[in-house]
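Below is data_16.txt, holding compact mmCIF, C-alpha atoms.
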# COMPACT_ATOMS: atom_id res chain seq x y z
CA MET D 19 0.00 0.00 0.00
CA GLU D 20 1.17 3.46 -0.87
CA ILE D 21 0.64 6.45 1.45
CA PHE D 22 -0.68 9.62 -0.16
CA HIS D 23 -0.82 13.02 1.52
CA GLY D 24 -4.25 14.54 0.90
CA ARG D 25 -6.88 14.00 -1.74
CA PRO D 26 -6.55 11.84 -4.86
CA GLU D 27 -5.14 13.67 -7.88
CA ASP D 28 -7.67 11.92 -10.09
CA ALA D 29 -11.24 11.75 -8.76
CA SER D 30 -12.58 9.59 -11.59
CA GLY D 31 -14.26 6.44 -10.35
CA ARG D 32 -14.80 7.90 -6.86
CA LEU D 33 -18.23 8.67 -5.47
CA ALA D 34 -19.31 12.24 -4.74
CA LYS D 35 -19.64 11.52 -1.01
CA GLU D 36 -15.95 10.56 -0.81
CA ILE D 37 -14.88 13.68 -2.71
CA ALA D 38 -17.09 15.77 -0.40
CA VAL D 39 -15.05 14.50 2.57
CA TYR D 40 -11.80 15.62 0.90
CA ASP D 41 -13.35 18.99 0.03
CA LEU D 42 -14.42 19.56 3.64
CA LEU D 43 -11.09 18.47 5.12
CA GLU D 44 -9.32 20.84 2.72
CA LYS D 45 -11.70 23.69 3.63
CA LEU D 46 -11.02 23.10 7.34
CA GLU D 47 -7.27 22.85 6.68
CA ILE D 48 -7.11 19.39 8.19
CA GLN D 49 -4.09 17.46 7.01
CA TYR D 50 -4.36 13.72 6.52
CA ASP D 51 -2.64 10.74 4.99
CA ARG D 52 -4.57 8.35 2.78
CA VAL D 53 -4.22 4.82 1.47
CA ASP D 54 -6.39 3.29 -1.21
CA HIS D 55 -7.29 -0.40 -1.10
CA GLY D 56 -9.98 -2.91 -1.95
CA PRO D 57 -13.27 -2.88 -0.01
CA MET D 58 -12.78 -3.56 3.70
CA MET D 59 -15.95 -4.79 5.35
CA SER D 60 -14.57 -5.51 8.81
CA ILE D 61 -12.00 -4.22 11.27
CA ALA D 62 -10.06 -7.49 10.88
CA GLN D 63 -9.45 -6.67 7.22
CA CYS D 64 -7.82 -3.34 8.17
CA GLU D 65 -4.62 -4.87 9.60
CA GLU D 66 -2.49 -3.95 6.58
CA VAL D 67 -3.92 -0.40 6.63
CA ASP D 68 -3.06 -0.13 10.33
CA GLN D 69 0.52 -1.20 9.66
CA THR D 70 0.93 1.08 6.66
CA LEU D 71 -0.47 4.22 8.35
CA LYS D 72 0.97 3.29 11.77
CA ILE D 73 -2.41 3.69 13.46
CA GLU D 74 -5.34 1.60 14.53
CA ILE D 75 -8.43 2.07 12.39
CA CYS D 76 -11.37 2.75 14.70
CA LYS D 77 -14.24 0.37 15.06
CA ASN D 78 -17.27 2.49 14.13
CA LEU D 79 -20.63 1.12 15.19
CA PHE D 80 -23.98 2.62 14.22
CA LEU D 81 -26.42 1.92 17.06
CA CYS D 82 -29.95 2.81 18.11
CA ASN D 83 -32.25 2.41 21.08
CA GLN D 84 -35.07 -0.13 21.02
CA GLN D 85 -37.64 2.47 19.94
CA LYS D 86 -35.41 3.67 17.08
CA THR D 87 -35.71 7.24 18.35
CA LYS D 88 -32.05 7.75 19.37
CA PHE D 89 -29.10 6.93 17.16
CA TYR D 90 -25.44 6.72 18.07
CA LEU D 91 -22.13 6.46 16.28
CA LEU D 92 -19.64 4.75 18.56
CA MET D 93 -15.91 5.09 17.84
CA MET D 94 -13.74 2.65 19.74
CA PRO D 95 -10.39 0.90 19.32
CA GLY D 96 -10.57 -1.84 16.74
CA THR D 97 -9.10 -4.33 19.20
CA LYS D 98 -11.63 -3.63 21.96
CA LYS D 99 -14.61 -5.94 22.22
CA PHE D 100 -18.02 -4.24 21.99
CA VAL D 101 -20.12 -5.26 24.99
CA THR D 102 -23.61 -3.84 24.58
CA ARG D 103 -24.53 -3.81 28.27
CA GLU D 104 -21.42 -1.76 29.15
CA VAL D 105 -22.22 0.95 26.60
CA CYS D 106 -25.90 0.93 27.63
CA ARG D 107 -24.82 1.53 31.23
CA LEU D 108 -22.52 4.42 30.27
CA ILE D 109 -24.85 6.54 28.13
CA PRO D 110 -27.46 5.46 29.78
CA SER D 111 -29.88 3.62 27.55
CA PRO D 112 -31.74 0.47 28.55
CA ARG D 113 -31.25 -1.30 25.21
CA LEU D 114 -29.02 -0.73 22.23
CA SER D 115 -28.76 -2.65 19.01
CA PHE D 116 -27.24 -2.16 15.60
CA ALA D 117 -29.31 0.32 13.63
CA ASN D 118 -30.87 -0.66 10.34
CA GLU D 119 -28.84 0.34 7.30
CA LYS D 120 -31.73 2.48 6.01
CA TYR D 121 -31.07 4.92 8.89
CA MET D 122 -27.34 4.77 8.21
CA GLU D 123 -27.94 5.82 4.63
CA GLU D 124 -30.63 8.37 5.50
CA PHE D 125 -28.72 10.15 8.28
CA LEU D 126 -25.05 9.64 7.35
CA ASN D 127 -25.13 8.80 3.61
CA ILE D 128 -23.02 5.74 4.39
CA THR D 129 -23.47 2.06 3.62
CA PRO D 130 -22.47 -0.90 5.82
CA GLY D 131 -18.71 -1.40 5.96
CA SER D 132 -18.08 2.32 5.41
CA VAL D 133 -19.30 3.70 8.74
CA SER D 134 -17.15 6.67 9.72
CA VAL D 135 -17.18 9.83 11.79
CA MET D 136 -16.88 11.65 8.45
CA GLY D 137 -20.52 10.71 7.79
CA LEU D 138 -21.60 13.23 10.43
CA MET D 139 -21.07 15.93 7.80
CA ASN D 140 -24.26 14.58 6.19
CA ASP D 141 -26.28 14.55 9.44
CA THR D 142 -27.47 18.15 9.19
CA GLU D 143 -30.42 17.57 11.51
CA ASN D 144 -28.31 15.98 14.28
CA HIS D 145 -30.07 12.64 14.41
CA VAL D 146 -26.86 10.90 15.49
CA GLN D 147 -25.01 11.35 18.79
CA LEU D 148 -21.26 10.68 18.66
CA LEU D 149 -19.79 8.47 21.37
CA ILE D 150 -16.00 8.15 21.57
CA ASP D 151 -14.07 5.68 23.68
CA ARG D 152 -11.51 7.53 25.82
CA GLU D 153 -8.62 5.61 24.22
CA VAL D 154 -9.58 7.02 20.81
CA ALA D 155 -10.31 10.52 22.13
CA GLU D 156 -6.91 10.72 23.83
CA SER D 157 -4.85 9.24 20.99
CA GLU D 158 -2.76 11.57 18.85
CA TYR D 159 -4.07 10.09 15.59
CA PHE D 160 -7.05 8.05 14.52
CA GLY D 161 -8.02 6.27 11.34
CA CYS D 162 -11.30 6.20 9.46
CA HIS D 163 -12.83 5.80 6.01
CA PRO D 164 -13.85 8.85 3.91
CA CYS D 165 -17.45 7.54 3.72
CA MET D 166 -16.21 4.74 1.43
CA ASN D 167 -14.42 1.60 2.54
CA THR D 168 -11.99 1.62 -0.38
CA SER D 169 -9.76 4.29 1.20
CA SER D 170 -8.58 4.94 4.74
CA LEU D 171 -7.42 8.19 6.32
CA LYS D 172 -5.07 9.02 9.18
CA MET D 173 -5.53 12.40 10.86
CA ARG D 174 -4.95 14.10 14.15
CA THR D 175 -7.66 13.37 16.69
CA LYS D 176 -7.40 16.97 17.85
CA ASP D 177 -8.40 18.17 14.36
CA MET D 178 -11.49 15.97 14.42
CA LEU D 179 -12.51 17.16 17.89
CA GLU D 180 -11.67 20.85 17.51
CA LYS D 181 -12.24 21.57 13.81
CA PHE D 182 -14.39 18.90 12.13
CA LEU D 183 -17.03 18.27 14.80
CA PRO D 184 -17.71 21.96 15.58
CA TYR D 185 -18.01 22.67 11.84
CA VAL D 186 -20.57 19.89 11.34
CA HIS D 187 -22.39 20.95 14.55
CA HIS D 188 -21.92 17.69 16.43
CA ASP D 189 -20.93 17.32 20.03
CA TYR D 190 -19.54 14.12 21.46
CA GLN D 191 -19.50 12.14 24.66
CA VAL D 192 -16.33 10.39 25.84
CA LEU D 193 -16.93 6.95 27.34
CA ASP D 194 -14.67 4.83 29.52
CA ILE D 195 -15.54 1.50 27.93
CA PRO D 196 -13.99 -1.36 29.89
CA ASP D 197 -11.70 -3.69 27.98
CA ALA D 198 -13.31 -7.12 28.09
CA GLY D 199 -9.83 -8.59 27.59
CA MET D 200 -10.72 -10.09 24.23
CA LYS D 201 -9.71 -9.10 20.75
CA ALA D 202 -12.55 -8.32 18.38
Will you turn the file into structure tokens for me?
Amino acid sequence: MEIFHGRPEDASGRLAKEIAVYDLLEKLEIQYDRVDHGPMMSIAQCEEVDQTLKIEICKNLFLCNQQKTKFYLLMMPGTKKFVTREVCRLIPSPRLSFANEKYMEEFLNITPGSVSVMGLMNDTENHVQLLIDREVAESEYFGCHPCMNTSSLKMRTKDMLEKFLPYVHHDYQVLDIPDAGMKA
């Protein structure tokens, strides 16, 4: 894998939602490194990306409450096991489950396998609450997809928290998710 600094020189063959991410990052003067690769549908498939960019791609989970009235995007280390009851206790919400992909597409303009904090730029009505595991929030860098799972980005966490999220009018909640001692 080759590391590129910034947007692709040639945008042909890329979807508008991916290019919109690059446009916004450029507008906000957020620097990032990028690698292009085949579709990655799971965190396990991101190992080579992690090694190339020298980061850990975040596990991004799109969740909702039982009534489907509250939606959450959870960013956590890829190696940390997601334990529903622990997250429910922390936010608090009596029941959480994975949200239907129709809401993912409607609110974030993202499809399964491409879930990313960058999708919040499409959530103009703030349907989705961002939850960030403390390990991710306190790391110098984080990795994510640009709304497509055929590229991965590395950027400063501080830029996401202090530039990107305020611009897209999203707040976040930091969670101390216990490590269940198992690899995902």
Between D:Thr168, D:Gln69, D:Gln191, D:Ser157, which one has atoms that come closest to Leu91 (chain D), using all atoms listed in the file?
-> D:Gln191
Extract, using only C-alpha atoms, all DNA, RNA and protein residues at most 12 Å from Thr87 (chain D), discarding same-chain residues fewer than 3 positions from it, and format them as a list in words.
-> Leu81, Cys82, Asn83, Gln84, Tyr90, Ser111, Arg113, Leu114, Ala117, Tyr121, His145, Val146 and Gln147 of chain D
Find the spatial neighbours of Gly137 (chain D), counting all atoms listed in the file, within a cut-off of 12 Å - ignore same-chain residues fewer than 2 positions away - and output them as a VMD selection string.
-> chain D and resid 35 to 36 38 to 39 42 78 80 91 122 to 130 132 to 135 139 to 142 144 to 148 162 to 166 182 to 183 186 188
If you keep C-alpha atoms, can you produce a file of those selected residues as a PDB file, in the frame of the given file?
ATOM      1  CA  LYS D  35     -19.640  11.520  -1.010  1.00  0.00           C
ATOM      2  CA  GLU D  36     -15.950  10.560  -0.810  1.00  0.00           C
ATOM      3  CA  ALA D  38     -17.090  15.770  -0.400  1.00  0.00           C
ATOM      4  CA  VAL D  39     -15.050  14.500   2.570  1.00  0.00           C
ATOM      5  CA  LEU D  42     -14.420  19.560   3.640  1.00  0.00           C
ATOM      6  CA  ASN D  78     -17.270   2.490  14.130  1.00  0.00           C
ATOM      7  CA  PHE D  80     -23.980   2.620  14.220  1.00  0.00           C
ATOM      8  CA  LEU D  91     -22.130   6.460  16.280  1.00  0.00           C
ATOM      9  CA  MET D 122     -27.340   4.770   8.210  1.00  0.00           C
ATOM     10  CA  GLU D 123     -27.940   5.820   4.630  1.00  0.00           C
ATOM     11  CA  GLU D 124     -30.630   8.370   5.500  1.00  0.00           C
ATOM     12  CA  PHE D 125     -28.720  10.150   8.280  1.00  0.00           C
ATOM     13  CA  LEU D 126     -25.050   9.640   7.350  1.00  0.00           C
ATOM     14  CA  ASN D 127     -25.130   8.800   3.610  1.00  0.00           C
ATOM     15  CA  ILE D 128     -23.020   5.740   4.390  1.00  0.00           C
ATOM     16  CA  THR D 129     -23.470   2.060   3.620  1.00  0.00           C
ATOM     17  CA  PRO D 130     -22.470  -0.900   5.820  1.00  0.00           C
ATOM     18  CA  SER D 132     -18.080   2.320   5.410  1.00  0.00           C
ATOM     19  CA  VAL D 133     -19.300   3.700   8.740  1.00  0.00           C
ATOM     20  CA  SER D 134     -17.150   6.670   9.720  1.00  0.00           C
ATOM     21  CA  VAL D 135     -17.180   9.830  11.790  1.00  0.00           C
ATOM     22  CA  MET D 139     -21.070  15.930   7.800  1.00  0.00           C
ATOM     23  CA  ASN D 140     -24.260  14.580   6.190  1.00  0.00           C
ATOM     24  CA  ASP D 141     -26.280  14.550   9.440  1.00  0.00           C
ATOM     25  CA  THR D 142     -27.470  18.150   9.190  1.00  0.00           C
ATOM     26  CA  ASN D 144     -28.310  15.980  14.280  1.00  0.00           C
ATOM     27  CA  HIS D 145     -30.070  12.640  14.410  1.00  0.00           C
ATOM     28  CA  VAL D 146     -26.860  10.900  15.490  1.00  0.00           C
ATOM     29  CA  GLN D 147     -25.010  11.350  18.790  1.00  0.00           C
ATOM     30  CA  LEU D 148     -21.260  10.680  18.660  1.00  0.00           C
ATOM     31  CA  CYS D 162     -11.300   6.200   9.460  1.00  0.00           C
ATOM     32  CA  HIS D 163     -12.830   5.800   6.010  1.00  0.00           C
ATOM     33  CA  PRO D 164     -13.850   8.850   3.910  1.00  0.00           C
ATOM     34  CA  CYS D 165     -17.450   7.540   3.720  1.00  0.00           C
ATOM     35  CA  MET D 166     -16.210   4.740   1.430  1.00  0.00           C
ATOM     36  CA  PHE D 182     -14.390  18.900  12.130  1.00  0.00           C
ATOM     37  CA  LEU D 183     -17.030  18.270  14.800  1.00  0.00           C
ATOM     38  CA  VAL D 186     -20.570  19.890  11.340  1.00  0.00           C
ATOM     39  CA  HIS D 188     -21.920  17.690  16.430  1.00  0.00           C
TER      40      HIS D 188
END
Which residue of D:Glu104, D:Glu20, D:Glu47, D:Glu27 approaches Val67 (chain D) most closely, using all atoms listed in the file =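 Ranked by minimum distance to Val67 (chain D), first place goes to D:Glu20.
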Write out as CSV a residue-level contact list of region 52-110 of chain D versus region 149-155 of chain D with cut-off 12 Å: for each qualifying residue the closest pair of atoms and the distance in Å to one decimal, counting only C-alpha atoms, rows sorted by chain and residue number upward.
residue,atom,partner,partner_atom,distance
D:Ile73,CA,D:Val154,CA,10.8
D:Glu74,CA,D:Val154,CA,9.3
D:Ile75,CA,D:Val154,CA,9.8
D:Cys76,CA,D:Val154,CA,7.7
D:Lys77,CA,D:Val154,CA,9.9
D:Asn78,CA,D:Ile150,CA,9.4
D:Leu79,CA,D:Leu149,CA,9.6
D:Phe80,CA,D:Leu149,CA,10.1
D:Leu81,CA,D:Leu149,CA,10.3
D:Phe89,CA,D:Leu149,CA,10.3
D:Tyr90,CA,D:Leu149,CA,6.8
D:Leu91,CA,D:Leu149,CA,6.0
D:Leu92,CA,D:Leu149,CA,4.7
D:Met93,CA,D:Ile150,CA,4.8
D:Met94,CA,D:Asp151,CA,5.0
D:Pro95,CA,D:Val154,CA,6.4
D:Gly96,CA,D:Val154,CA,9.8
D:Thr97,CA,D:Glu153,CA,11.1
D:Lys98,CA,D:Asp151,CA,9.8
D:Lys99,CA,D:Asp151,CA,11.7
D:Phe100,CA,D:Asp151,CA,10.8
D:Glu104,CA,D:Asp151,CA,11.8
D:Val105,CA,D:Leu149,CA,9.5
D:Cys106,CA,D:Leu149,CA,11.5
D:Leu108,CA,D:Leu149,CA,10.2
D:Ile109,CA,D:Leu149,CA,8.7
D:Pro110,CA,D:Leu149,CA,11.8
Tell me, in Å to one decimal, how far CA of Cys64 (chain D) is from CA of Pro184 (chain D).
->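 Here the two named atoms are 28.2 Å from each other.
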Mind giving me the axis-aligned box for region 62-73 of chain D with 3 Å on every side, centre plus edges in Å to one decimal, as AutoDock Vina command-line options?
--center_x -4.5 --center_y -1.6 --center_z 10.0 --size_x 17.0 --size_y 17.7 --size_z 12.9
Using all atoms listed in the file, which of the listed residues (D:Lys181, D:Met19, D:Asp28, D:Arg107) sits closest to Glu44 (chain D)?
-> D:Lys181
Hey, can you check how far CA of Asp51 (chain D) sits from CA of Lys172 (chain D)?
-> 5.1 Å
To one decimal place, how far is CA of Leu179 (chain D) from CA of Phe160 (chain D) in Å?
->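 Computing it gives 11.1 Å between the two atoms.
Among D:Lys86, D:Lys120, D:His187, D:Lys72, the residue with the shortest atom-to-atom distance to Glu158 (chain D), counting only C-alpha atoms, is D:Lys72.
Considering all atoms listed in the file, the residue among D:Ser30, D:Ser115, D:Asn167, D:Thr175 positioned nearest to Gln85 (chain D) is D:Ser115.
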